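coords09.cif follows (mmCIF, C-alpha atoms and all ligand atoms):
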```
data_my_file
loop_
_atom_site.label_atom_id
_atom_site.label_comp_id
_atom_site.auth_asym_id
_atom_site.auth_seq_id
_atom_site.Cartn_x
_atom_site.Cartn_y
_atom_site.Cartn_z
CA MET I 1 0.00 0.00 0.00
CA THR I 2 1.27 3.49 -0.81
CA SER I 3 1.83 5.69 2.22
CA SER I 4 0.10 9.06 2.37
CA VAL I 5 2.25 12.21 2.31
CA SER I 6 1.34 12.73 5.93
CA GLU I 7 2.65 9.27 6.84
CA LEU I 8 5.85 9.90 4.91
CA ILE I 9 6.40 13.12 6.83
CA ASP I 10 5.71 11.48 10.15
CA SER I 11 8.15 8.68 9.49
CA TYR I 12 10.84 11.23 10.48
CA ASP I 13 11.33 11.94 14.17
CA PRO I 14 12.29 15.62 14.59
CA ASN I 15 12.59 15.31 18.36
CA ALA I 16 15.44 12.82 18.45
CA PRO I 17 18.65 14.44 19.72
CA LEU I 18 21.59 14.31 17.31
CA GLU I 19 23.14 11.25 18.92
CA GLN I 20 19.92 9.34 18.38
CA ALA I 21 18.75 10.99 15.18
CA ALA I 22 18.44 9.50 11.73
CA THR I 23 18.33 11.36 8.43
CA ILE I 24 15.02 12.13 6.78
CA PRO I 25 13.71 9.03 5.02
CA ALA I 26 14.76 8.13 1.47
CA SER I 27 11.20 8.66 0.21
CA TRP I 28 11.56 12.40 0.81
CA TYR I 29 14.21 12.42 -1.92
CA THR I 30 12.31 10.24 -4.36
CA ASP I 31 8.56 10.80 -3.91
CA GLN I 32 7.07 13.31 -6.34
CA ARG I 33 4.41 14.36 -3.82
CA ILE I 34 7.06 15.51 -1.34
CA TYR I 35 8.85 17.40 -4.11
CA ASP I 36 5.63 19.18 -5.12
CA LEU I 37 4.87 20.02 -1.51
CA GLU I 38 8.37 21.45 -1.03
CA LEU I 39 7.93 23.79 -3.99
CA THR I 40 4.60 25.14 -2.79
CA THR I 41 5.65 25.50 0.85
CA VAL I 42 9.39 25.44 1.60
CA PHE I 43 10.31 27.39 -1.54
CA ALA I 44 7.24 29.53 -2.06
CA ASN I 45 7.10 30.64 1.59
CA SER I 46 10.76 31.33 2.23
CA TRP I 47 12.79 34.28 1.00
CA GLN I 48 14.51 33.14 -2.14
CA PHE I 49 17.59 34.69 -3.71
CA ALA I 50 16.45 36.25 -7.00
CA ALA I 51 19.10 38.69 -8.19
CA ARG I 52 22.30 40.47 -7.33
CA LEU I 53 21.99 44.17 -6.61
CA ASP I 54 24.83 44.84 -9.07
CA GLN I 55 22.44 43.69 -11.83
CA LEU I 56 19.89 46.29 -10.81
CA THR I 57 21.76 49.54 -10.35
CA LEU I 58 19.90 51.72 -12.90
CA PRO I 59 16.22 52.53 -13.49
CA GLY I 60 14.97 50.06 -16.08
CA ASN I 61 17.38 47.28 -15.07
CA TYR I 62 15.58 43.99 -14.69
CA VAL I 63 16.39 40.37 -13.83
CA THR I 64 14.21 37.34 -14.53
CA ALA I 65 14.33 34.17 -12.48
CA ASP I 66 12.43 31.06 -11.64
CA VAL I 67 11.43 30.78 -7.99
CA ALA I 68 9.62 27.69 -6.72
CA GLY I 69 8.83 26.89 -10.34
CA GLN I 70 7.27 30.33 -10.89
CA PRO I 71 8.60 32.85 -13.42
CA ILE I 72 9.38 36.17 -11.77
CA VAL I 73 10.96 39.48 -12.71
CA ILE I 74 12.64 42.11 -10.54
CA VAL I 75 12.70 45.64 -11.94
CA ARG I 76 14.19 48.94 -10.84
CA GLY I 77 11.56 51.59 -11.52
CA SER I 78 11.99 55.12 -12.83
CA ASP I 79 11.53 56.18 -9.21
CA ASN I 80 14.57 54.02 -8.32
CA THR I 81 12.40 51.60 -6.34
CA LEU I 82 12.90 47.86 -6.75
CA ARG I 83 9.77 45.84 -7.41
CA GLY I 84 9.11 42.17 -7.97
CA PHE I 85 6.37 40.64 -10.13
CA TYR I 86 5.30 37.35 -11.56
CA ASN I 87 6.73 37.47 -15.06
CA VAL I 88 3.41 36.39 -16.54
CA CYS I 89 1.44 38.49 -19.01
CA ARG I 90 -2.13 39.19 -17.97
CA HIS I 91 -3.31 38.59 -21.55
CA HIS I 92 -2.45 34.97 -22.37
CA ALA I 93 0.26 34.18 -19.85
CA ALA I 94 3.44 34.51 -21.91
CA ALA I 95 6.63 35.51 -20.14
CA VAL I 96 6.81 39.29 -20.50
CA MET I 97 10.58 39.59 -20.17
CA THR I 98 12.52 36.78 -21.80
CA GLU I 99 16.17 37.65 -21.21
CA PRO I 100 17.92 36.69 -17.95
CA GLU I 101 18.68 40.37 -17.36
CA GLY I 102 18.74 43.70 -19.17
CA LYS I 103 17.55 47.29 -19.29
CA ALA I 104 14.21 48.45 -20.63
CA SER I 105 12.09 51.60 -20.61
CA GLN I 106 8.91 49.54 -20.39
CA LEU I 107 8.09 45.86 -20.05
CA ARG I 108 6.80 44.60 -23.36
CA CYS I 109 5.28 41.17 -23.86
CA PRO I 110 6.68 39.57 -27.03
CA TYR I 111 3.48 37.65 -27.80
CA HIS I 112 0.86 40.32 -28.67
CA GLY I 113 2.72 43.41 -27.63
CA TRP I 114 1.03 44.38 -24.38
CA THR I 115 3.16 46.79 -22.45
CA TYR I 116 3.59 47.43 -18.74
CA SER I 117 5.34 50.29 -17.00
CA LEU I 118 8.43 49.60 -14.90
CA ALA I 119 6.04 49.75 -11.94
CA GLY I 120 3.99 46.92 -13.43
CA GLU I 121 0.94 48.95 -14.57
CA LEU I 122 -0.70 47.81 -17.77
CA LYS I 123 -0.19 50.60 -20.30
CA GLY I 124 -0.59 49.36 -23.86
CA THR I 125 -3.10 46.84 -25.23
CA PRO I 126 -2.98 46.89 -29.07
CA ASP I 127 -6.19 46.06 -30.95
CA PHE I 128 -8.24 45.81 -27.81
CA ALA I 129 -10.92 48.41 -28.56
CA GLY I 130 -14.46 47.23 -27.88
CA VAL I 131 -13.55 44.82 -25.11
CA CYS I 132 -16.15 45.31 -22.36
CA ASN I 133 -15.69 45.29 -18.62
CA PHE I 134 -11.96 45.33 -18.87
CA ASP I 135 -10.19 47.50 -16.35
CA ARG I 136 -6.56 48.14 -17.14
CA SER I 137 -5.84 49.27 -13.63
CA THR I 138 -6.57 45.78 -12.27
CA ASN I 139 -4.58 44.04 -14.98
CA GLY I 140 -1.07 45.05 -14.08
CA LEU I 141 1.65 42.49 -13.42
CA VAL I 142 0.97 40.61 -10.20
CA PRO I 143 3.39 41.82 -7.50
CA ILE I 144 5.49 39.66 -5.17
CA GLY I 145 7.37 40.53 -1.99
CA GLN I 146 10.98 41.58 -2.38
CA ASP I 147 13.66 42.75 0.02
CA GLN I 148 17.40 43.24 0.05
CA TRP I 149 20.27 42.07 2.20
CA GLU I 150 23.96 42.71 1.66
CA LYS I 151 24.56 42.26 -2.09
CA TRP I 152 21.38 40.43 -2.93
CA VAL I 153 17.68 40.73 -3.68
CA PHE I 154 15.35 38.12 -2.25
CA VAL I 155 11.74 37.49 -3.13
CA ARG I 156 8.88 35.77 -1.41
CA LEU I 157 5.86 34.43 -3.21
CA GLY I 158 3.67 33.48 -0.26
CA ASN I 159 1.38 35.82 1.63
CA PHE I 160 3.25 38.53 3.38
CA ASP I 161 3.47 38.11 7.11
CA PRO I 162 5.41 40.88 8.91
CA LYS I 163 6.81 38.32 11.36
CA ALA I 164 8.29 36.55 8.37
CA SER I 165 10.20 39.58 7.03
CA LEU I 166 13.56 38.86 5.43
CA GLU I 167 15.30 40.44 8.40
CA ASN I 168 13.41 38.25 10.87
CA LEU I 169 14.00 35.06 8.97
CA LEU I 170 17.70 35.71 8.48
CA GLY I 171 17.90 36.63 12.15
CA ALA I 172 19.99 39.24 13.96
CA ASP I 173 22.71 36.69 14.68
CA LEU I 174 23.42 35.92 11.02
CA ILE I 175 23.15 39.57 9.98
CA GLU I 176 25.70 40.50 12.67
CA GLN I 177 28.05 37.72 11.60
CA ILE I 178 28.04 38.71 7.93
CA ARG I 179 28.37 42.48 8.40
CA PRO I 180 32.05 42.48 9.51
CA LEU I 181 33.01 40.53 6.39
CA LYS I 182 32.49 43.83 4.52
CA LEU I 183 30.98 42.27 1.44
CA GLN I 184 30.68 45.73 -0.10
CA ASN I 185 34.39 45.42 -0.89
CA LEU I 186 33.82 42.36 -3.04
CA HIS I 187 32.76 42.59 -6.67
CA TRP I 188 30.94 40.06 -8.76
CA LEU I 189 32.99 38.56 -11.56
CA GLU I 190 31.37 35.45 -12.96
CA ARG I 191 28.39 33.12 -12.78
CA ARG I 192 28.45 29.39 -13.44
CA HIS I 193 25.61 26.88 -13.60
CA TYR I 194 26.06 23.29 -12.51
CA THR I 195 23.61 20.42 -12.90
CA PHE I 196 23.49 17.56 -10.44
CA ASP I 197 21.59 14.31 -11.04
CA CYS I 198 20.10 14.26 -7.58
CA ASN I 199 17.37 15.71 -5.44
CA TRP I 200 18.16 19.22 -4.19
CA LYS I 201 18.45 17.93 -0.63
CA VAL I 202 21.29 15.58 -1.58
CA PHE I 203 23.34 18.61 -2.60
CA VAL I 204 22.45 20.44 0.62
CA ASP I 205 23.21 17.39 2.78
CA ASN I 206 26.56 17.03 1.06
CA TYR I 207 27.32 20.67 1.78
CA LEU I 208 26.29 20.32 5.41
CA ASP I 209 28.26 17.23 6.39
CA GLY I 210 30.78 19.18 8.44
CA GLY I 211 33.70 18.40 6.17
CA TYR I 212 33.11 14.66 6.62
CA HIS I 213 33.58 13.93 2.91
CA VAL I 214 36.37 16.40 2.29
CA PRO I 215 39.38 14.13 3.03
CA HIS I 216 37.88 11.41 0.85
CA LEU I 217 36.60 13.36 -2.13
CA HIS I 218 38.41 16.70 -2.20
CA LYS I 219 42.13 16.07 -1.73
CA GLY I 220 43.08 19.58 -2.85
CA LEU I 221 40.66 21.31 -0.51
CA ASP I 222 41.57 18.92 2.28
CA SER I 223 45.19 20.00 2.02
CA VAL I 224 44.33 23.58 3.08
CA LEU I 225 41.64 22.87 5.70
CA ASP I 226 42.41 21.82 9.24
CA TYR I 227 40.04 18.86 9.30
CA SER I 228 40.32 18.07 13.00
CA ASN I 229 39.51 21.68 13.91
CA TYR I 230 36.57 22.03 11.55
CA GLN I 231 33.69 23.64 13.46
CA ILE I 232 29.94 23.45 13.04
CA GLU I 233 27.74 26.14 14.59
CA ASN I 234 24.00 26.02 14.15
CA GLY I 235 21.89 29.16 14.24
CA GLU I 236 18.12 29.16 14.22
CA ARG I 237 17.79 28.86 10.46
CA PHE I 238 21.39 28.81 9.32
CA CYS I 239 24.54 26.82 9.87
CA LEU I 240 28.08 28.09 9.87
CA GLN I 241 30.80 25.58 9.16
CA TRP I 242 34.27 26.96 9.43
CA SER I 243 37.81 25.75 9.34
CA PRO I 244 41.21 27.21 10.04
CA ILE I 245 43.30 27.38 6.86
CA VAL I 246 46.72 25.78 6.84
CA SER I 247 49.46 26.63 4.37
CA GLU I 248 51.92 23.89 5.22
CA GLY I 249 51.57 20.92 2.92
CA ALA I 250 48.93 22.68 0.82
CA GLU I 251 48.41 21.34 -2.66
CA ALA I 252 49.87 24.03 -4.95
CA GLU I 253 46.81 25.16 -6.95
CA THR I 254 44.46 25.21 -3.99
CA GLY I 255 46.99 26.74 -1.62
CA ALA I 256 47.63 29.61 -4.04
CA VAL I 257 44.02 30.81 -3.88
CA ARG I 258 42.76 29.64 -0.48
CA LYS I 259 44.68 31.77 1.96
CA GLY I 260 44.03 33.70 5.13
CA GLU I 261 43.08 32.46 8.55
CA ARG I 262 39.80 30.71 8.01
CA ALA I 263 37.26 29.52 5.54
CA LEU I 264 33.61 30.27 6.37
CA TYR I 265 30.76 28.28 4.92
CA TYR I 266 27.30 29.67 5.64
CA TRP I 267 24.17 27.78 4.71
CA ILE I 268 20.89 29.64 5.01
CA TYR I 269 17.75 27.54 5.06
CA PRO I 270 16.71 26.18 2.69
CA ASN I 271 18.97 26.65 -0.32
CA PHE I 272 21.46 29.53 -0.22
CA MET I 273 25.13 29.29 0.70
CA ILE I 274 27.87 31.88 1.19
CA ASN I 275 31.44 30.57 0.99
CA TRP I 276 33.96 33.09 2.18
CA TYR I 277 37.74 33.03 2.10
CA ASP I 278 40.13 35.88 2.60
CA GLY I 279 40.14 37.41 -0.89
CA ALA I 280 37.36 35.38 -2.47
CA MET I 281 33.70 34.59 -2.01
CA ASP I 282 31.17 32.54 -3.87
CA THR I 283 27.49 32.01 -3.31
CA ASN I 284 25.48 28.95 -4.24
CA LEU I 285 21.81 28.93 -5.03
CA VAL I 286 20.35 25.43 -5.10
CA ILE I 287 17.36 25.16 -7.44
CA PRO I 288 15.20 22.05 -7.65
CA ARG I 289 14.50 21.29 -11.31
CA ALA I 290 12.98 17.84 -10.89
CA ILE I 291 12.84 15.24 -8.17
CA ASP I 292 16.30 14.01 -9.25
CA LYS I 293 17.67 17.09 -11.02
CA THR I 294 19.21 20.10 -9.33
CA GLU I 295 20.75 23.24 -10.72
CA VAL I 296 23.25 25.11 -8.62
CA ILE I 297 24.12 28.68 -9.57
CA PHE I 298 27.53 29.85 -8.43
CA ASP I 299 28.39 33.54 -8.31
CA PHE I 300 32.07 34.37 -7.79
CA TYR I 301 33.19 37.61 -6.14
CA PHE I 302 36.65 39.11 -5.60
CA PRO I 303 38.05 42.29 -4.06
CA ASP I 304 39.86 43.17 -7.29
CA VAL I 305 38.20 42.30 -10.58
CA SER I 306 40.52 44.37 -12.76
CA GLU I 307 42.60 42.92 -15.56
CA SER I 308 45.67 42.79 -13.33
CA ALA I 309 43.94 40.34 -10.99
CA ARG I 310 42.55 38.20 -13.80
CA ALA I 311 44.94 35.26 -13.55
CA ARG I 312 44.52 34.93 -9.80
CA ASN I 313 40.73 35.19 -9.97
CA ARG I 314 40.57 32.61 -12.76
CA ALA I 315 42.72 30.22 -10.74
CA SER I 316 40.39 30.65 -7.77
CA ILE I 317 37.30 29.90 -9.88
CA GLU I 318 39.02 26.83 -11.32
CA VAL I 319 39.70 25.46 -7.83
CA GLY I 320 35.99 25.90 -7.02
CA HIS I 321 35.08 24.25 -10.31
CA ARG I 322 37.19 21.21 -9.56
CA ILE I 323 35.49 20.76 -6.20
CA GLN I 324 32.05 20.82 -7.84
CA ASP I 325 33.17 18.27 -10.40
CA GLU I 326 34.30 16.05 -7.57
CA ASP I 327 30.84 16.28 -5.99
CA VAL I 328 28.84 15.54 -9.17
CA ALA I 329 29.47 11.80 -9.19
CA ILE I 330 28.89 11.27 -5.48
CA CYS I 331 25.57 13.15 -5.55
CA LYS I 332 24.40 10.94 -8.42
CA SER I 333 25.53 7.85 -6.55
CA VAL I 334 23.60 8.90 -3.43
CA GLN I 335 20.42 9.52 -5.44
CA GLY I 336 20.74 6.02 -6.90
CA GLY I 337 21.11 4.57 -3.42
CA LEU I 338 18.13 6.50 -2.08
CA ASN I 339 16.05 4.79 -4.75
CA SER I 340 17.28 1.40 -3.63
CA ARG I 341 15.08 -0.99 -1.66
CA ALA I 342 18.05 -1.56 0.62
CA TYR I 343 18.03 1.92 2.14
CA ASN I 344 15.55 3.88 4.20
CA ALA I 345 17.48 6.30 6.43
CA GLY I 346 20.98 6.62 7.89
CA ARG I 347 22.49 7.80 11.16
CA LEU I 348 24.34 11.09 11.65
CA SER I 349 27.85 11.75 12.92
CA VAL I 350 27.61 13.71 16.17
CA ARG I 351 31.00 15.31 15.47
CA ARG I 352 30.23 16.30 11.86
CA GLU I 353 26.59 16.29 10.90
CA ALA I 354 24.76 18.71 13.19
CA GLY I 355 24.07 20.97 10.18
CA GLU I 356 22.22 18.22 8.35
CA HIS I 357 20.25 17.52 11.50
CA LEU I 358 19.15 21.17 11.63
CA PHE I 359 18.25 21.11 7.94
CA HIS I 360 16.10 18.02 8.32
CA ARG I 361 14.28 19.36 11.36
CA LEU I 362 13.50 22.70 9.67
CA LEU I 363 12.25 20.87 6.63
CA TYR I 364 10.09 18.61 8.76
CA LYS I 365 8.57 21.63 10.47
CA ASP I 366 7.65 23.29 7.16
CA LEU I 367 6.21 20.14 5.61
CA ARG I 368 4.35 19.16 8.76
CA THR I 369 2.82 22.66 8.98
CA ALA I 370 1.85 22.50 5.33
CA VAL I 371 -0.14 19.30 5.63
CA GLY I 372 -1.68 20.39 8.93
CA ALA I 373 -1.60 18.79 12.33
CA GLY I 374 -4.29 16.32 11.39
CA GLY I 375 -2.45 15.13 8.29
CA GLY I 376 -4.76 13.37 5.87
CA VAL I 377 -3.03 14.29 2.60
S1 LIG I 401 0.31 37.04 -23.88
FE1 LIG I 401 1.25 38.91 -23.57
S2 LIG I 401 0.37 40.19 -25.03
FE2 LIG I 401 -0.68 38.32 -25.31
FE FE I 402 31.99 18.42 -1.62
#
```

Show me this structure written as structure tokens.
Ligand code: FES
Ligand SMILES: [Fe+2]
Amino acid sequence: MTSSVSELIDSYDPNAPLEQAATIPASWYTDQRIYDLELTTVFANSWQFAARLDQLTLPGNYVTADVAGQPIVIVRGSDNTLRGFYNVCRHHAAAVMTEPEGKASQLRCPYHGWTYSLAGELKGTPDFAGVCNFDRSTNGLVPIGQDQWEKWVFVRLGNFDPKASLENLLGADLIEQIRPLKLQNLHWLERRHYTFDCNWKVFVDNYLDGGYHVPHLHKGLDSVLDYSNYQIENGERFCLQWSPIVSEGAEAETGAVRKGERALYYWIYPNFMINWYDGAMDTNLVIPRAIDKTEVIFDFYFPDVSESARARNRASIEVGHRIQDEDVAICKSVQGGLNSRAYNAGRLSVRREAGEHLFHRLLYKDLRTAVGAGGGV
């Protein structure tokens, strides 16, 4: 007999302390109903990274994105205000803006030429004379919540609840920890897209394993991290993993671009990561594309993005690239195993895997809330 979604959710015990806890069950990574529920709750109700502020500096700048499977567009208006909308034409639902980013004086749908102002108001409707009971003022682009933090714009599709403001969900602790890193001194240089043949949570779990896999899978990275002093610190909705950096015995390519005192790895529930080294930062946005397909967008930032720093920056990106390549095969392997009849759930390392434990409990809370206390889905 097939279990209900509610039963699948309740097969995880969120109250078990780490030393007794198991991972979320394999079905959460393989059951389409859980995936659909995650999109409409975890992703639609959280603040999701949508754009970098450096893409939206001038009036008319816009960025399109896909959040929780929904097309959206962020636009800087003539009044300099940022606004977010569903990127869906009110006529027959075509995407109004079709480029990933750009600059426009108005938002023009390519299908039948309807136009919207930068503030989302419907302005032009060619060949529409004689249409009755049609009020332009109620046919503007449908707005979504947006807010900014550090270098990024986040959006939220769900109903706006002031208690769930971006600031509240990030939390004062995280905001205070990131501020002294002075991210304003870092400049975006490059974006890369990676595809993983696994559920999005496999990628997040892999990220949150407290360095457990690093000595086995990432020899280069392992040579600069002090594995035995790797630390895991859970916040309310984020996890910081950090490690002292060692230079002695460092593999040459990695050692050349991973310097300084420490490496900081911030994960913010559910799917955004900030990886910070002295002189380099990258962010990861984990996007579910299918139950077993995940896109991860990497943005690379450096203090100096001039031509004179080009070789060093390229070398740094290449080191990051190699690490992702090393993770591709293992993520695919895990997804295969999660589909196996031999596996249901696994135990967690107390020393290493507190971050995964936090992730699984937060996820449980969201899914449990979504199906309601009585279950019955
Ligand atoms: S769908 Fe946009 S103008 Fe028709
Ligand atoms: Fe890895």

Taking all atoms listed in the file and a cut-off of 6 Å, can you tell me which residues surround ligand LIG 401 (chain I), written as a list in words?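 Sorted by chain and then by number, the residues are Cys89, His91, His92, Ala93, Ala94, Cys109, Tyr111, His112, Gly113 and Trp114 of chain I.
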
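Atom pair atom CA of I:Phe302 / atom CA of I:Gly279: separated by 6.1 Å.
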
Counting all atoms listed in the file, which of I:Lys201, I:Lys293, I:Arg191, I:Arg322 gets nearest to ligand FE 402 (chain I)?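 Of all the options, I:Arg322 lies closest to ligand FE 402 (chain I).
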
Nearest candidate to ligand FE 402 (chain I) (options I:Pro17, I:Gly346, I:Pro215, I:Pro288; using only C-alpha atoms and all ligand atoms):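 Once distances to ligand FE 402 (chain I) are computed over only C-alpha atoms and all ligand atoms, the minimum belongs to I:Pro215.
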
Between atom CA of I:Cys239 and atom CA of I:Ile268, what distance in Å does the model show, to one decimal? 6.7 Å

Take the point (10.3, 15.4, 1.6) in the file's coordinates, draw a sphere of radius 7 Å around it, and report as a PyMOL selection string every protein, DNA or RNA residue with an atom inside or on it, counting only C-alpha atoms. chain I and resi 9+27-29+34-35+38

Residues up to 12 Å from ligand FE 402 (chain I), counting only C-alpha atoms and all ligand atoms: could you list those as a PDB file with C-alpha atoms, keeping the file's coordinate frame?
```pdb
ATOM      1  CA  VAL I 202      21.290  15.580  -1.580  1.00  0.00           C
ATOM      2  CA  PHE I 203      23.340  18.610  -2.600  1.00  0.00           C
ATOM      3  CA  VAL I 204      22.450  20.440   0.620  1.00  0.00           C
ATOM      4  CA  ASP I 205      23.210  17.390   2.780  1.00  0.00           C
ATOM      5  CA  ASN I 206      26.560  17.030   1.060  1.00  0.00           C
ATOM      6  CA  TYR I 207      27.320  20.670   1.780  1.00  0.00           C
ATOM      7  CA  LEU I 208      26.290  20.320   5.410  1.00  0.00           C
ATOM      8  CA  ASP I 209      28.260  17.230   6.390  1.00  0.00           C
ATOM      9  CA  GLY I 210      30.780  19.180   8.440  1.00  0.00           C
ATOM     10  CA  GLY I 211      33.700  18.400   6.170  1.00  0.00           C
ATOM     11  CA  TYR I 212      33.110  14.660   6.620  1.00  0.00           C
ATOM     12  CA  HIS I 213      33.580  13.930   2.910  1.00  0.00           C
ATOM     13  CA  VAL I 214      36.370  16.400   2.290  1.00  0.00           C
ATOM     14  CA  PRO I 215      39.380  14.130   3.030  1.00  0.00           C
ATOM     15  CA  HIS I 216      37.880  11.410   0.850  1.00  0.00           C
ATOM     16  CA  LEU I 217      36.600  13.360  -2.130  1.00  0.00           C
ATOM     17  CA  HIS I 218      38.410  16.700  -2.200  1.00  0.00           C
ATOM     18  CA  LYS I 219      42.130  16.070  -1.730  1.00  0.00           C
ATOM     19  CA  GLY I 220      43.080  19.580  -2.850  1.00  0.00           C
ATOM     20  CA  LEU I 221      40.660  21.310  -0.510  1.00  0.00           C
ATOM     21  CA  ASP I 222      41.570  18.920   2.280  1.00  0.00           C
ATOM     22  CA  TYR I 265      30.760  28.280   4.920  1.00  0.00           C
ATOM     23  CA  GLY I 320      35.990  25.900  -7.020  1.00  0.00           C
ATOM     24  CA  HIS I 321      35.080  24.250 -10.310  1.00  0.00           C
ATOM     25  CA  ARG I 322      37.190  21.210  -9.560  1.00  0.00           C
ATOM     26  CA  ILE I 323      35.490  20.760  -6.200  1.00  0.00           C
ATOM     27  CA  GLN I 324      32.050  20.820  -7.840  1.00  0.00           C
ATOM     28  CA  ASP I 325      33.170  18.270 -10.400  1.00  0.00           C
ATOM     29  CA  GLU I 326      34.300  16.050  -7.570  1.00  0.00           C
ATOM     30  CA  ASP I 327      30.840  16.280  -5.990  1.00  0.00           C
ATOM     31  CA  VAL I 328      28.840  15.540  -9.170  1.00  0.00           C
ATOM     32  CA  ALA I 329      29.470  11.800  -9.190  1.00  0.00           C
ATOM     33  CA  ILE I 330      28.890  11.270  -5.480  1.00  0.00           C
ATOM     34  CA  CYS I 331      25.570  13.150  -5.550  1.00  0.00           C
TER      35      CYS I 331
END
```
